[in-house]
$ cat coords_36.pdb   # PDB, C-alpha atoms, pLDDT in the B column
ATOM      1  CA  MET A 672       0.000   0.000   0.000  1.00 81.00           C
ATOM      2  CA  THR A 673       1.435   3.374  -0.994  1.00 87.00           C
ATOM      3  CA  ASN A 674       1.604   6.404   1.265  1.00 89.00           C
ATOM      4  CA  ALA A 675      -1.087   8.121  -0.817  1.00 90.00           C
ATOM      5  CA  GLN A 676      -3.407   5.134  -0.339  1.00 90.00           C
ATOM      6  CA  ILE A 677      -2.757   5.127   3.404  1.00 91.00           C
ATOM      7  CA  LEU A 678      -3.518   8.845   3.616  1.00 91.00           C
ATOM      8  CA  ALA A 679      -6.692   8.412   1.525  1.00 88.00           C
ATOM      9  CA  ALA A 680      -7.897   5.520   3.702  1.00 88.00           C
ATOM     10  CA  CYS A 681      -7.257   7.508   6.875  1.00 90.00           C
ATOM     11  CA  ARG A 682      -8.990  10.620   5.495  1.00 87.00           C
ATOM     12  CA  SER A 683     -12.020   8.551   4.532  1.00 84.00           C
ATOM     13  CA  ASN A 684     -12.179   6.915   7.953  1.00 83.00           C
ATOM     14  CA  TRP A 685     -11.843  10.220   9.809  1.00 83.00           C
ATOM     15  CA  GLU A 686     -14.504  11.922   7.694  1.00 76.00           C
ATOM     16  CA  TYR A 687     -16.758   8.908   8.239  1.00 73.00           C
ATOM     17  CA  ARG A 688     -16.319   9.339  11.980  1.00 74.00           C
ATOM     18  CA  GLY A 689     -17.243  13.034  11.846  1.00 69.00           C
ATOM     19  CA  ILE A 690     -13.855  14.546  12.674  1.00 77.00           C
ATOM     20  CA  ASP A 691     -13.918  18.261  11.817  1.00 74.00           C
ATOM     21  CA  ASP A 692     -12.065  19.412   8.686  1.00 76.00           C
ATOM     22  CA  ALA A 693      -9.341  21.318  10.520  1.00 77.00           C
ATOM     23  CA  SER A 694      -8.480  18.288  12.656  1.00 83.00           C
ATOM     24  CA  VAL A 695      -8.495  15.999   9.609  1.00 85.00           C
ATOM     25  CA  ARG A 696      -6.024  18.285   7.818  1.00 86.00           C
ATOM     26  CA  GLU A 697      -3.810  18.474  10.907  1.00 89.00           C
ATOM     27  CA  MET A 698      -3.873  14.689  11.385  1.00 92.00           C
ATOM     28  CA  LEU A 699      -3.108  14.114   7.687  1.00 92.00           C
ATOM     29  CA  ASP A 700      -0.171  16.516   7.833  1.00 92.00           C
ATOM     30  CA  GLU A 701       1.213  14.743  10.892  1.00 93.00           C
ATOM     31  CA  LEU A 702       0.727  11.277   9.372  1.00 93.00           C
ATOM     32  CA  SER A 703       2.251  12.412   6.092  1.00 93.00           C
ATOM     33  CA  ALA A 704       5.345  13.654   7.931  1.00 93.00           C
ATOM     34  CA  HIS A 705       5.657  10.315   9.756  1.00 92.00           C
ATOM     35  CA  LEU A 706       5.286   8.404   6.491  1.00 93.00           C
ATOM     36  CA  GLU A 707       7.931  10.536   4.788  1.00 93.00           C
ATOM     37  CA  ASP A 708      10.319  10.062   7.719  1.00 93.00           C
ATOM     38  CA  ALA A 709       9.764   6.299   7.587  1.00 91.00           C
ATOM     39  CA  GLU A 710      10.354   6.256   3.829  1.00 91.00           C
ATOM     40  CA  ALA A 711      13.578   8.235   4.277  1.00 92.00           C
ATOM     41  CA  ALA A 712      14.685   5.671   6.867  1.00 92.00           C
ATOM     42  CA  GLY A 713      13.980   2.814   4.448  1.00 91.00           C
ATOM     43  CA  ARG A 714      10.751   1.622   6.086  1.00 91.00           C
ATOM     44  CA  THR A 715       7.297   1.254   4.539  1.00 89.00           C
ATOM     45  CA  GLY A 716       4.008   2.877   5.433  1.00 88.00           C
ATOM     46  CA  ARG A 717       2.888  -0.431   6.947  1.00 88.00           C
ATOM     47  CA  ASP A 718       5.684  -0.084   9.497  1.00 89.00           C
ATOM     48  CA  VAL A 719       4.100   3.180  10.645  1.00 89.00           C
ATOM     49  CA  VAL A 720       0.386   2.279  10.644  1.00 91.00           C
ATOM     50  CA  GLY A 721       0.502  -1.495  11.055  1.00 89.00           C
ATOM     51  CA  ASN A 722      -1.217  -4.140   8.976  1.00 89.00           C
ATOM     52  CA  ASP A 723      -4.736  -2.692   9.248  1.00 89.00           C
ATOM     53  CA  VAL A 724      -4.958   0.949   8.207  1.00 90.00           C
ATOM     54  CA  ARG A 725      -8.637   1.218   9.208  1.00 87.00           C
ATOM     55  CA  THR A 726      -7.927   0.068  12.751  1.00 88.00           C
ATOM     56  CA  PHE A 727      -5.082   2.581  13.009  1.00 91.00           C
ATOM     57  CA  ALA A 728      -7.290   5.414  11.714  1.00 89.00           C
ATOM     58  CA  ALA A 729     -10.191   4.439  13.975  1.00 86.00           C
ATOM     59  CA  ALA A 730      -7.981   4.368  17.058  1.00 88.00           C
ATOM     60  CA  TRP A 731      -6.554   7.791  16.243  1.00 88.00           C
ATOM     61  CA  ALA A 732     -10.033   9.194  15.593  1.00 85.00           C
ATOM     62  CA  ARG A 733     -11.336   7.890  18.927  1.00 83.00           C
ATOM     63  CA  ALA A 734      -8.379   9.429  20.709  1.00 84.00           C
ATOM     64  CA  ARG A 735      -8.735  12.734  18.861  1.00 82.00           C
ATOM     65  CA  ALA A 736     -12.508  13.206  19.042  1.00 74.00           C
ATOM     66  CA  PRO A 737     -14.453  10.737  21.189  1.00 75.00           C
ATOM     67  CA  PHE A 738     -18.065  10.036  20.231  1.00 76.00           C
ATOM     68  CA  PRO A 739     -19.613  12.044  23.109  1.00 81.00           C
ATOM     69  CA  ARG A 740     -17.661  15.143  22.057  1.00 78.00           C
ATOM     70  CA  ARG A 741     -18.681  14.731  18.401  1.00 74.00           C
ATOM     71  CA  LEU A 742     -22.303  14.203  19.452  1.00 79.00           C
ATOM     72  CA  LEU A 743     -22.220  17.349  21.603  1.00 84.00           C
ATOM     73  CA  ARG A 744     -20.785  19.366  18.701  1.00 81.00           C
ATOM     74  CA  VAL A 745     -23.420  18.151  16.249  1.00 77.00           C
ATOM     75  CA  ALA A 746     -26.241  18.735  18.761  1.00 83.00           C
ATOM     76  CA  CYS A 747     -25.057  22.284  19.498  1.00 87.00           C
ATOM     77  CA  LEU A 748     -24.761  23.070  15.808  1.00 82.00           C
ATOM     78  CA  GLY A 749     -28.245  21.623  15.247  1.00 81.00           C
ATOM     79  CA  ILE A 750     -29.670  23.917  17.927  1.00 88.00           C
ATOM     80  CA  PHE A 751     -27.751  26.789  16.304  1.00 89.00           C
ATOM     81  CA  VAL A 752     -29.447  26.035  12.973  1.00 84.00           C
ATOM     82  CA  VAL A 753     -32.873  25.991  14.676  1.00 85.00           C
ATOM     83  CA  GLY A 754     -32.091  29.399  16.161  1.00 90.00           C
ATOM     84  CA  CYS A 755     -31.074  30.721  12.736  1.00 89.00           C
ATOM     85  CA  LEU A 756     -34.283  29.393  11.183  1.00 86.00           C
ATOM     86  CA  LEU A 757     -36.377  30.978  13.929  1.00 89.00           C
ATOM     87  CA  LEU A 758     -34.567  34.288  13.514  1.00 91.00           C
ATOM     88  CA  LEU A 759     -35.089  34.199   9.742  1.00 90.00           C
ATOM     89  CA  ALA A 760     -38.793  33.378  10.200  1.00 87.00           C
ATOM     90  CA  CYS A 761     -39.198  36.367  12.532  1.00 90.00           C
ATOM     91  CA  LEU A 762     -37.354  38.649  10.131  1.00 91.00           C
ATOM     92  CA  ARG A 763     -39.256  37.369   7.098  1.00 88.00           C
ATOM     93  CA  ARG A 764     -42.630  37.946   8.739  1.00 87.00           C
ATOM     94  CA  TRP A 765     -41.381  41.113  10.498  1.00 91.00           C
ATOM     95  CA  THR A 766     -42.831  40.007  13.812  1.00 90.00           C
ATOM     96  CA  ALA A 767     -41.594  39.422  17.347  1.00 92.00           C
ATOM     97  CA  GLU A 768     -43.034  35.899  17.537  1.00 92.00           C
ATOM     98  CA  VAL A 769     -43.704  33.024  15.173  1.00 91.00           C
ATOM     99  CA  ALA A 770     -46.580  30.527  15.348  1.00 91.00           C
ATOM    100  CA  VAL A 771     -45.320  26.950  14.966  1.00 89.00           C
ATOM    101  CA  THR A 772     -47.568  24.228  13.468  1.00 91.00           C
ATOM    102  CA  PRO A 773     -47.281  20.434  13.934  1.00 93.00           C
ATOM    103  CA  GLY A 774     -46.172  20.044  10.293  1.00 91.00           C
ATOM    104  CA  GLU A 775     -43.324  22.528  10.779  1.00 89.00           C
ATOM    105  CA  ILE A 776     -42.192  20.813  13.973  1.00 90.00           C
ATOM    106  CA  THR A 777     -42.176  17.427  12.251  1.00 92.00           C
ATOM    107  CA  PHE A 778     -40.436  18.790   9.153  1.00 90.00           C
ATOM    108  CA  TRP A 779     -37.556  20.444  11.004  1.00 85.00           C
ATOM    109  CA  ALA A 780     -37.218  17.629  13.534  1.00 87.00           C
ATOM    110  CA  VAL A 781     -36.917  15.030  10.768  1.00 89.00           C
ATOM    111  CA  VAL A 782     -34.507  17.195   8.701  1.00 83.00           C
ATOM    112  CA  GLY A 783     -32.366  17.719  11.806  1.00 77.00           C
ATOM    113  CA  ALA A 784     -32.442  14.087  12.864  1.00 82.00           C
ATOM    114  CA  ALA A 785     -31.631  12.825   9.368  1.00 79.00           C
ATOM    115  CA  THR A 786     -28.780  15.313   9.002  1.00 73.00           C
ATOM    116  CA  VAL A 787     -27.311  14.481  12.422  1.00 71.00           C
ATOM    117  CA  VAL A 788     -27.595  10.728  11.890  1.00 75.00           C
ATOM    118  CA  TRP A 789     -26.060  10.994   8.429  1.00 71.00           C
ATOM    119  CA  GLU A 790     -23.200  13.188   9.684  1.00 65.00           C
ATOM    120  CA  LEU A 791     -22.426  10.868  12.603  1.00 63.00           C
ATOM    121  CA  ARG A 792     -22.625   7.656  10.579  1.00 63.00           C
ATOM    122  CA  ARG A 793     -21.282   8.564   7.168  1.00 55.00           C
ATOM    123  CA  GLY A 794     -19.176  11.644   7.704  1.00 56.00           C
ATOM    124  CA  SER A 795     -19.564  14.946   5.983  1.00 55.00           C
ATOM    125  CA  LEU A 796     -21.274  15.056   2.611  1.00 56.00           C
ATOM    126  CA  GLY A 797     -21.565  18.787   2.746  1.00 62.00           C
ATOM    127  CA  ILE A 798     -24.496  20.692   4.137  1.00 63.00           C
ATOM    128  CA  LEU A 799     -26.459  20.813   0.870  1.00 71.00           C
ATOM    129  CA  ARG A 800     -26.349  17.067   0.242  1.00 73.00           C
ATOM    130  CA  SER A 801     -27.127  16.274   3.873  1.00 71.00           C
ATOM    131  CA  TRP A 802     -30.114  18.592   3.799  1.00 72.00           C
ATOM    132  CA  ALA A 803     -31.265  17.136   0.477  1.00 80.00           C
ATOM    133  CA  ILE A 804     -31.367  13.694   2.097  1.00 81.00           C
ATOM    134  CA  GLY A 805     -33.184  15.187   5.087  1.00 80.00           C
ATOM    135  CA  LEU A 806     -35.718  16.906   2.810  1.00 85.00           C
ATOM    136  CA  CYS A 807     -36.491  13.649   1.011  1.00 89.00           C
ATOM    137  CA  VAL A 808     -37.398  12.105   4.356  1.00 89.00           C
ATOM    138  CA  ALA A 809     -38.978  15.175   6.011  1.00 90.00           C
ATOM    139  CA  LEU A 810     -41.408  16.326   3.329  1.00 92.00           C
ATOM    140  CA  PRO A 811     -43.586  13.203   3.416  1.00 93.00           C
ATOM    141  CA  ALA A 812     -43.472  13.181   7.240  1.00 93.00           C
ATOM    142  CA  ALA A 813     -44.510  16.849   7.438  1.00 92.00           C
ATOM    143  CA  ILE A 814     -47.332  16.410   4.922  1.00 93.00           C
ATOM    144  CA  LEU A 815     -48.644  13.372   6.790  1.00 94.00           C
ATOM    145  CA  THR A 816     -48.426  15.196  10.135  1.00 93.00           C
ATOM    146  CA  GLY A 817     -50.203  18.227   8.664  1.00 90.00           C
ATOM    147  CA  ARG A 818     -53.033  16.018   7.393  1.00 92.00           C
ATOM    148  CA  LEU A 819     -53.384  14.093  10.652  1.00 94.00           C
ATOM    149  CA  ALA A 820     -52.840  16.866  13.227  1.00 92.00           C
ATOM    150  CA  GLY A 821     -54.090  19.891  11.289  1.00 89.00           C
ATOM    151  CA  GLU A 822     -52.480  23.255  10.780  1.00 88.00           C
ATOM    152  CA  ALA A 823     -53.449  24.952  14.047  1.00 92.00           C
ATOM    153  CA  PRO A 824     -50.454  26.520  15.814  1.00 92.00           C
ATOM    154  CA  VAL A 825     -49.048  24.396  18.631  1.00 92.00           C
ATOM    155  CA  LEU A 826     -46.958  27.148  20.174  1.00 91.00           C
ATOM    156  CA  THR A 827     -45.531  30.567  19.479  1.00 92.00           C
ATOM    157  CA  MET A 828     -41.814  31.216  19.664  1.00 92.00           C
ATOM    158  CA  PRO A 829     -40.682  34.709  20.686  1.00 93.00           C
ATOM    159  CA  LEU A 830     -37.804  36.474  18.983  1.00 91.00           C
ATOM    160  CA  TRP A 831     -35.621  36.263  22.106  1.00 93.00           C
ATOM    161  CA  ALA A 832     -35.748  32.453  21.851  1.00 93.00           C
ATOM    162  CA  ALA A 833     -33.752  32.699  18.606  1.00 90.00           C
ATOM    163  CA  ALA A 834     -30.874  34.401  20.425  1.00 89.00           C
ATOM    164  CA  PHE A 835     -31.095  31.826  23.217  1.00 93.00           C
ATOM    165  CA  LEU A 836     -30.935  28.957  20.684  1.00 93.00           C
ATOM    166  CA  LEU A 837     -27.966  30.514  18.851  1.00 93.00           C
ATOM    167  CA  LEU A 838     -25.748  30.519  21.949  1.00 93.00           C
ATOM    168  CA  PRO A 839     -24.798  26.797  22.284  1.00 92.00           C
ATOM    169  CA  GLY A 840     -23.609  26.433  18.692  1.00 89.00           C
ATOM    170  CA  LEU A 841     -21.966  29.833  18.307  1.00 90.00           C
ATOM    171  CA  PRO A 842     -18.493  28.749  19.538  1.00 90.00           C
ATOM    172  CA  TYR A 843     -18.519  25.719  17.217  1.00 85.00           C
ATOM    173  CA  ALA A 844     -19.732  27.768  14.250  1.00 84.00           C
ATOM    174  CA  LEU A 845     -17.054  30.413  14.830  1.00 86.00           C
ATOM    175  CA  ALA A 846     -14.360  27.742  15.211  1.00 82.00           C
ATOM    176  CA  ASP A 847     -15.425  26.169  11.900  1.00 77.00           C
ATOM    177  CA  VAL A 848     -15.321  29.545  10.129  1.00 81.00           C
ATOM    178  CA  ARG A 849     -11.866  30.282  11.548  1.00 83.00           C
ATOM    179  CA  ALA A 850     -10.576  26.835  10.561  1.00 75.00           C
ATOM    180  CA  ARG A 851     -11.803  27.271   6.986  1.00 75.00           C
ATOM    181  CA  ARG A 852     -10.289  30.749   6.799  1.00 81.00           C
ATOM    182  CA  ASN A 853      -6.947  29.495   8.164  1.00 77.00           C
ATOM    183  CA  ALA A 854      -6.975  26.573   5.725  1.00 70.00           C
ATOM    184  CA  THR A 855      -7.563  28.987   2.840  1.00 74.00           C
ATOM    185  CA  VAL A 856      -4.682  31.199   3.992  1.00 77.00           C
ATOM    186  CA  VAL A 857      -2.359  28.195   4.339  1.00 69.00           C
ATOM    187  CA  ALA A 858      -3.401  26.845   0.929  1.00 69.00           C
ATOM    188  CA  GLN A 859      -2.709  30.202  -0.723  1.00 78.00           C
ATOM    189  CA  ALA A 860       0.721  30.544   0.896  1.00 67.00           C
TER     190      ALA A 860
END

$ encode --input "coords_36.pdb" --output "structure tokens"
Amino acid sequence: MTNAQILAACRSNWEYRGIDDASVREMLDELSAHLEDAEAAGRTGRDVVGNDVRTFAAAWARARAPFPRRLLRVACLGIFVVGCLLLLACLRRWTAEVAVTPGEITFWAVVGAATVVWELRRGSLGILRSWAIGLCVALPAAILTGRLAGEAPVLTMPLWAAAFLLLPGLPYALADVRARRNATVVAQA
């Protein structure tokens, strides 16, 4: 197995496990340096990672970002998205509170659940593809809920709730923006 194949297998495994992009790049850089050092010393990539590359990558991923931490990150970012949607709904309707129907609750709950499950199981597809998968599942569920439960508002959400919902995911969202910006700067240099 070549060094490029080892790096590709590790990248795939880490993305599958939901490791953030900045950490994946950092881990790949570190592994690449180890592989180059081993090659310079006359050893192979197998000497560095062992016989099973997937086991090596999985062990490193668990050490780098344990499942509870990844779950917390995804949950906080999900709540952040709900806050953004609530804020946009208030701004779009130019009101201080938004009436929420059973169909809307079902729709956004299913989109969120599908996106979170997909991100945790399969790794990052990108937000648009993840949401497309969520939409394919959520639309029928929302239509069915709307038919069965009706369209009467279940609750009203005040504008201040949007700010409250934005708080848990804000540090993660800012960290992701900074990591992308730093990666762009490094790539350009």

$ resolve_selection --input "coords_36.pdb" --expression "the PyMOL selection byres ((chain A and resi 692) around 10)" --output "mmCIF file with C-alpha atoms, in the coordinates of the input"
data_model
loop_
_atom_site.group_PDB
_atom_site.id
_atom_site.type_symbol
_atom_site.label_atom_id
_atom_site.label_comp_id
_atom_site.auth_asym_id
_atom_site.auth_seq_id
_atom_site.Cartn_x
_atom_site.Cartn_y
_atom_site.Cartn_z
ATOM 1 C CA ARG A 682 -8.990 10.620 5.495
ATOM 2 C CA TRP A 685 -11.843 10.220 9.809
ATOM 3 C CA GLU A 686 -14.504 11.922 7.694
ATOM 4 C CA GLY A 689 -17.243 13.034 11.846
ATOM 5 C CA ILE A 690 -13.855 14.546 12.674
ATOM 6 C CA ASP A 691 -13.918 18.261 11.817
ATOM 7 C CA ALA A 693 -9.341 21.318 10.520
ATOM 8 C CA SER A 694 -8.480 18.288 12.656
ATOM 9 C CA VAL A 695 -8.495 15.999 9.609
ATOM 10 C CA ARG A 696 -6.024 18.285 7.818
ATOM 11 C CA GLU A 697 -3.810 18.474 10.907
ATOM 12 C CA MET A 698 -3.873 14.689 11.385
ATOM 13 C CA SER A 795 -19.564 14.946 5.983
ATOM 14 C CA ASP A 847 -15.425 26.169 11.900
ATOM 15 C CA ALA A 850 -10.576 26.835 10.561
ATOM 16 C CA ARG A 851 -11.803 27.271 6.986
ATOM 17 C CA ALA A 854 -6.975 26.573 5.725
#

$ atom_distance --input "coords_36.pdb" --atom1 "CA of Ala785 in chain A" --atom2 "CA of Leu806 in chain A"
8.7 Å

$ residues_around --input "coords_36.pdb" --residues "range 735-747 of chain A" --least-positions-apart "2" --cutoff "8 Å" --atoms "all atoms listed in the file" --output "CSV table (one decimal) with C-alpha atoms, in the frame of the given file"
chain,number,residue,atom,x,y,z
A,689,GLY,CA,-17.2,13.0,11.8
A,690,ILE,CA,-13.9,14.5,12.7
A,731,TRP,CA,-6.6,7.8,16.2
A,732,ALA,CA,-10.0,9.2,15.6
A,733,ARG,CA,-11.3,7.9,18.9
A,749,GLY,CA,-28.2,21.6,15.2
A,750,ILE,CA,-29.7,23.9,17.9
A,751,PHE,CA,-27.8,26.8,16.3
A,787,VAL,CA,-27.3,14.5,12.4
A,791,LEU,CA,-22.4,10.9,12.6
A,839,PRO,CA,-24.8,26.8,22.3
A,840,GLY,CA,-23.6,26.4,18.7
A,843,TYR,CA,-18.5,25.7,17.2

$ closest_residue --input "coords_36.pdb" --among "A:Leu838, A:Ala760, A:Asn674, A:Ala729" --to "Ala709 in chain A" --atoms "only C-alpha atoms"
A:Asn674

$ resolve_selection --input "coords_36.pdb" --expression "the PyMOL selection byres ((chain A and resi 761) around 12)" --output "NGL selection string"
:A and (754-760 or 762-771 or 827-834)

$ atom_distance --input "coords_36.pdb" --atom1 "CA of Thr772 in chain A" --atom2 "CA of Ala823 in chain A"
6.0 Å

$ atom_distance --input "coords_36.pdb" --atom1 "CA of Pro811 in chain A" --atom2 "CA of Leu837 in chain A"
28.0 Å
